[in-house]
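Data block below; observations after.
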Amino acid sequence: MKKIVFGVFLVLSLGLSVPVSANSRYEKMKKQANRDELAMKIVEYNKQYPEEFEPIVDIAEYAFPDGDYVTGLSILKDAEQAYLNSEVFKKPKKHKDSLFYVGKMYCGFANCWYNMKDLNAAKKYIDKSYEIESFRIYSSCLKGIIDYELGNFDEAWMVFNDIYKKSPDSIYELANKYFMTLAAEKNDFSLAEKLLDRYLDNFTYYSGLGDFASDVYLKTGNGQKAVLCKFLELEYQSCFEEMSVEQFRRKMLGYLQKEGIKGNKDAEKTVLAVLSVYDEKIPLMELNVDFFAWDYLKLKAHVNRSEFHGEDIGKIMDIEKYLENFPSFHWVHAENLKQIKNYRLYFYNLEKLISLGDSVYEKMARRILFESQMLPEEDFGRFLIPYEVDQSVKAFLVDSDEAKLDKVYGFLEIGDCSFMKDTLLILKNRCRDNTLLKAAFEKKLTSCSEGRLKNRLNELVAG
């Protein structure tokens with residue numbers, strides 16, 4: 001998650017409006033270049049004017065999205081050297097607008113060191129970036145994150161509050177998480193609730209979020225949401241550890257005794273409504289609450305009771321953004337599609353579920369997909385979906401570790417099926433575009449005995 005968060009730097013390189021006077025010649029070139037050729041144009045400009053540091057800062061950021069922070073650091077050091085020799089460094093008051101690039105450069109250093117797990121080095125550079133007022137709006141979140149993880153909570157609190165007042169929409173996922181945590185710890189539950197609502201609307205669920213949200217909503221007097229967030233936490237846990245219906249019921253009934261829940265009529269009714277989803281012998285209770293967790297619970301109830309409701313598909317689309325990393329949500333979605341006999345999308349959602357990684361539901365989905373291919377049972381342990389094969393190839397291309405292709409070779413030994421056809425097409429395209437992968441396949445061929453693996457590798461390297 002953290003690496004994805006800082007993809008913001010490439011956006012800054014490509015689309016941010018900088019004052020024309022900040023090296024007007026360079027800014028004019030960027031403005032005139034179309035988006036597809038901009039990277040190439042920046043490199044060409046740098047060759048023509050190697051003494052200017054601004055283009056070098058932009059070049060460094062192209063390394064970030066792929067996680068190549070070592071290369072990013074190396075290029076940024078070149079940018080810093082050019083900056084120290086420039087008129088911007090010697091006469092900063094005369095070149096105030098170009099200081100924007102200085103802030104971006106030091107923020108880039110901080111981004112690299114943060115992702116390379118050196119918080120102290122990251123702190124050194126993010127503080128330098130934060131000093132540049134014209135770039136502060138972009139360095140604030142990273143500064144707050146670094147200060148929080150270093151235990152500088154008062155400093156992080158100050159930075160987060162400042163950026164929240166000036167540009168609340170610029171606060172991204174990890175910063176939002178840390179800021180709302182600090183707000184709750186400082187008993188500012190009104191602010192914590194606003195930040196929590198924003199997090200739930202925009203970012204991905206993480207383990208413990210439901211319990212945190214439940215406590216915040218209890219403090220702000222929203223017993224219904226508090227209970228439904230407790231359900232979310234139990235639901236998320238049940239995706240990764242076996243939890244029987246009876247175990248779930250006991251945990252929810254135990255929650256009735258929590259301070260703030262016991263004696264709260266809305267909260268107690270909500271607990272009973274949650275439990276009604278899991279008891280097919282009683283009618284589903286109704287709640288007057290506009291919250292995605294309750295919409296999801298009703299979908300679960302319909303699937304559990306083998307009912308189809310016309311509005312369910314639309315409701316699934318509405319709440320998917322909140323539950324996209326819940327394997328159980330994708331299972332409910334798939335089961336809904338099966339009930340209406342839309343098998344193409346049913347199998348697609350099972351593949352999507354597997355792509356989330358190990359879970360209770362992943363095992364069931366894999367078994368269903370495997371059995372749909374009419375393969376012998378001996379092939380089950382080697383069965384992969386195309387997404388998993390592609391991820392193994394991408395992992396190999398990062399560091400050339402051939403062991404990361406072992407599962408791919410195992411899969412290429414199973415019988416013919418539709419998944420094999422799709423996978424071979426993906427691998428052919430990969431081999432065509434990447435000589436490293438093709439060389440690895442050619443090397444594997446030298447030790448292959450006759451059989452499916454050898455035949456398929458020959459097909460791949462032949463193009």
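Naming scheme: A, B, ... for chains in displayed order of the structure tokens; residues 1 onward per chain; ligands 1 onward as shown.
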
Practice prompt. Please provide as a list in words all residues within 8 Å of region 310-318 of chain A, with the sequence filter that same-chain residues fewer than 6 positions apart are discarded (counting only C-alpha atoms).
Written response: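 The contact residues come out as Asp295, Tyr296, Leu299, His333 and Asn336 of chain A.
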
Export of the given selection (N, CA, C and O atoms) as a short mmCIF file (atom, residue, chain, number, x, y, z; two decimals), in the first residue's frame:
data_model
loop_
_atom_site.label_atom_id
_atom_site.label_comp_id
_atom_site.auth_asym_id
_atom_site.auth_seq_id
_atom_site.Cartn_x
_atom_site.Cartn_y
_atom_site.Cartn_z
N ASP A 295 -26.30 -2.70 3.64
CA ASP A 295 -26.63 -3.14 2.27
C ASP A 295 -25.96 -4.48 1.97
O ASP A 295 -26.56 -5.36 1.34
N TYR A 296 -24.72 -4.61 2.41
CA TYR A 296 -23.99 -5.86 2.19
C TYR A 296 -24.63 -7.01 2.97
O TYR A 296 -24.78 -8.13 2.46
N LEU A 299 -27.56 -8.35 1.18
CA LEU A 299 -27.14 -9.19 0.05
C LEU A 299 -26.76 -10.59 0.53
O LEU A 299 -27.12 -11.60 -0.11
N HIS A 333 -21.02 -11.85 -4.33
CA HIS A 333 -21.30 -11.38 -5.68
C HIS A 333 -21.38 -12.56 -6.65
O HIS A 333 -22.31 -12.65 -7.47
N ASN A 336 -24.49 -14.61 -6.14
CA ASN A 336 -25.64 -13.90 -6.69
C ASN A 336 -25.72 -14.12 -8.21
O ASN A 336 -26.80 -14.38 -8.76
#

Just the residues within 9 Å of Ala440 (chain A), please, counting only C-alpha atoms, with nothing from its chain fewer than 4 positions along; format it as a PDB file with all heavy atoms, in the first residue's frame.
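Final output, result_10.pdb:
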ATOM      1  N   SER A 400      15.182 -11.325 -11.561  1.00  0.00           N
ATOM      2  CA  SER A 400      15.702 -12.460 -12.352  1.00  0.00           C
ATOM      3  C   SER A 400      15.867 -13.740 -11.540  1.00  0.00           C
ATOM      4  O   SER A 400      16.671 -14.611 -11.894  1.00  0.00           O
ATOM      5  CB  SER A 400      17.053 -12.097 -13.007  1.00  0.00           C
ATOM      6  OG  SER A 400      16.924 -10.940 -13.790  1.00  0.00           O
ATOM      7  N   GLU A 402      15.021 -17.143 -10.920  1.00  0.00           N
ATOM      8  CA  GLU A 402      14.331 -18.154 -11.723  1.00  0.00           C
ATOM      9  C   GLU A 402      13.419 -19.046 -10.898  1.00  0.00           C
ATOM     10  O   GLU A 402      12.488 -19.663 -11.439  1.00  0.00           O
ATOM     11  CB  GLU A 402      15.366 -18.999 -12.477  1.00  0.00           C
ATOM     12  CG  GLU A 402      16.123 -18.184 -13.524  1.00  0.00           C
ATOM     13  CD  GLU A 402      17.153 -19.000 -14.287  1.00  0.00           C
ATOM     14  OE1 GLU A 402      17.216 -20.230 -14.055  1.00  0.00           O
ATOM     15  OE2 GLU A 402      17.880 -18.421 -15.108  1.00  0.00           O
ATOM     16  N   LEU A 405       9.675 -18.709 -11.236  1.00  0.00           N
ATOM     17  CA  LEU A 405       8.965 -19.267 -12.391  1.00  0.00           C
ATOM     18  C   LEU A 405       8.572 -20.728 -12.176  1.00  0.00           C
ATOM     19  O   LEU A 405       7.933 -21.327 -13.048  1.00  0.00           O
ATOM     20  CB  LEU A 405       9.834 -19.151 -13.643  1.00  0.00           C
ATOM     21  CG  LEU A 405      10.135 -17.732 -14.134  1.00  0.00           C
ATOM     22  CD1 LEU A 405      11.116 -17.791 -15.315  1.00  0.00           C
ATOM     23  CD2 LEU A 405       8.862 -17.006 -14.548  1.00  0.00           C
ATOM     24  N   THR A 435      13.261  -9.990 -23.527  1.00  0.00           N
ATOM     25  CA  THR A 435      14.286 -10.988 -23.835  1.00  0.00           C
ATOM     26  C   THR A 435      14.722 -11.764 -22.597  1.00  0.00           C
ATOM     27  O   THR A 435      15.146 -12.918 -22.697  1.00  0.00           O
ATOM     28  CB  THR A 435      15.508 -10.312 -24.469  1.00  0.00           C
ATOM     29  OG1 THR A 435      15.987  -9.277 -23.583  1.00  0.00           O
ATOM     30  CG2 THR A 435      15.149  -9.672 -25.802  1.00  0.00           C
ATOM     31  N   LEU A 436      14.600 -11.152 -21.415  1.00  0.00           N
ATOM     32  CA  LEU A 436      14.993 -11.832 -20.175  1.00  0.00           C
ATOM     33  C   LEU A 436      14.112 -13.049 -19.922  1.00  0.00           C
ATOM     34  O   LEU A 436      14.603 -14.130 -19.564  1.00  0.00           O
ATOM     35  CB  LEU A 436      14.898 -10.850 -19.003  1.00  0.00           C
ATOM     36  CG  LEU A 436      15.425 -11.343 -17.644  1.00  0.00           C
ATOM     37  CD1 LEU A 436      16.928 -11.609 -17.736  1.00  0.00           C
ATOM     38  CD2 LEU A 436      15.151 -10.298 -16.554  1.00  0.00           C
ATOM     39  N   LYS A 444      15.398 -23.178 -19.493  1.00  0.00           N
ATOM     40  CA  LYS A 444      14.602 -24.272 -18.923  1.00  0.00           C
ATOM     41  C   LYS A 444      14.421 -25.392 -19.931  1.00  0.00           C
ATOM     42  O   LYS A 444      14.433 -26.584 -19.575  1.00  0.00           O
ATOM     43  CB  LYS A 444      13.237 -23.735 -18.484  1.00  0.00           C
ATOM     44  CG  LYS A 444      12.330 -24.773 -17.836  1.00  0.00           C
ATOM     45  CD  LYS A 444      12.874 -25.241 -16.494  1.00  0.00           C
ATOM     46  CE  LYS A 444      11.908 -26.200 -15.813  1.00  0.00           C
ATOM     47  NZ  LYS A 444      12.449 -26.691 -14.521  1.00  0.00           N
ATOM     48  N   LEU A 445      14.326 -25.034 -21.187  1.00  0.00           N
ATOM     49  CA  LEU A 445      14.154 -26.041 -22.242  1.00  0.00           C
ATOM     50  C   LEU A 445      15.310 -27.035 -22.286  1.00  0.00           C
ATOM     51  O   LEU A 445      15.124 -28.214 -22.600  1.00  0.00           O
ATOM     52  CB  LEU A 445      14.037 -25.349 -23.606  1.00  0.00           C
ATOM     53  CG  LEU A 445      12.627 -25.099 -24.134  1.00  0.00           C
ATOM     54  CD1 LEU A 445      12.676 -24.247 -25.393  1.00  0.00           C
ATOM     55  CD2 LEU A 445      11.914 -26.415 -24.412  1.00  0.00           C
TER      56      LEU A 445
END

Discussion item. Env of Leu345 (chain A): 8 Å cut, atoms = only C-alpha atoms, seq-sep filter 4 positions within chain, self excluded. Answer as a list in words.
Written reply: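 Answer for this query is Ala334, Leu337 and Asn349 of chain A.
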
How would the residues just chosen look if you wrote them out with N, CA and C atoms as a compact mmCIF listing (two decimals), in the first residue's frame?
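Writing done, so here's again_2.txt:
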# COMPACT_ATOMS: atom_id res chain seq x y z
N ALA A 334 -20.40 -13.46 -6.56
CA ALA A 334 -20.39 -14.62 -7.44
C ALA A 334 -21.62 -15.49 -7.22
N LEU A 337 -24.58 -14.05 -8.88
CA LEU A 337 -24.54 -14.26 -10.32
C LEU A 337 -24.91 -15.70 -10.69
N ASN A 349 -15.78 -13.50 -11.45
CA ASN A 349 -15.67 -13.04 -10.07
C ASN A 349 -14.91 -14.02 -9.19

Worksheet item: What residues in region 32-263 of chain A get the DSSP label alpha helix (DSSP H)? Please answer as a ChimeraX atom specification.
Response: /A:32,38-48,54-61,69-84,87-90,99-115,119-130,136-150,153-166,173-185,189-202,209-219,223-238,245-255

Fill in: Contacts of Leu425 (chain A) within 12 Å, only C-alpha atoms, excl. fewer than 2 positions in-chain, as a VMD selection string
chain A and resid 386 389 to 390 418 to 423 427 to 432 456 459 to 460 463

Worksheet entry | Among listed residues A:Ser170, A:Thr71, A:Gln48, A:Asn23, nearest Tyr101 (chain A) (using only C-alpha atoms) |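 When distances to Tyr101 (chain A) are compared using only C-alpha atoms, the smallest one comes from A:Asn23.
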
Item to complete: Within 8 Å of Glu242 (chain A), counting only C-alpha atoms, which residues show up once you throw out same-chain ones fewer than 3 positions away? Write them as a ChimeraX atom specification, please.
Response: /A:238-239,360

Discussion item. Using only C-alpha atoms, which protein or nucleic acid residues come within 6 Å of region 156-158 of chain A? Drop anything in the same chain fewer than 3 positions from it, and give the result as a VMD selection string.
Written reply: chain A and resid 144 147 to 148 153 161
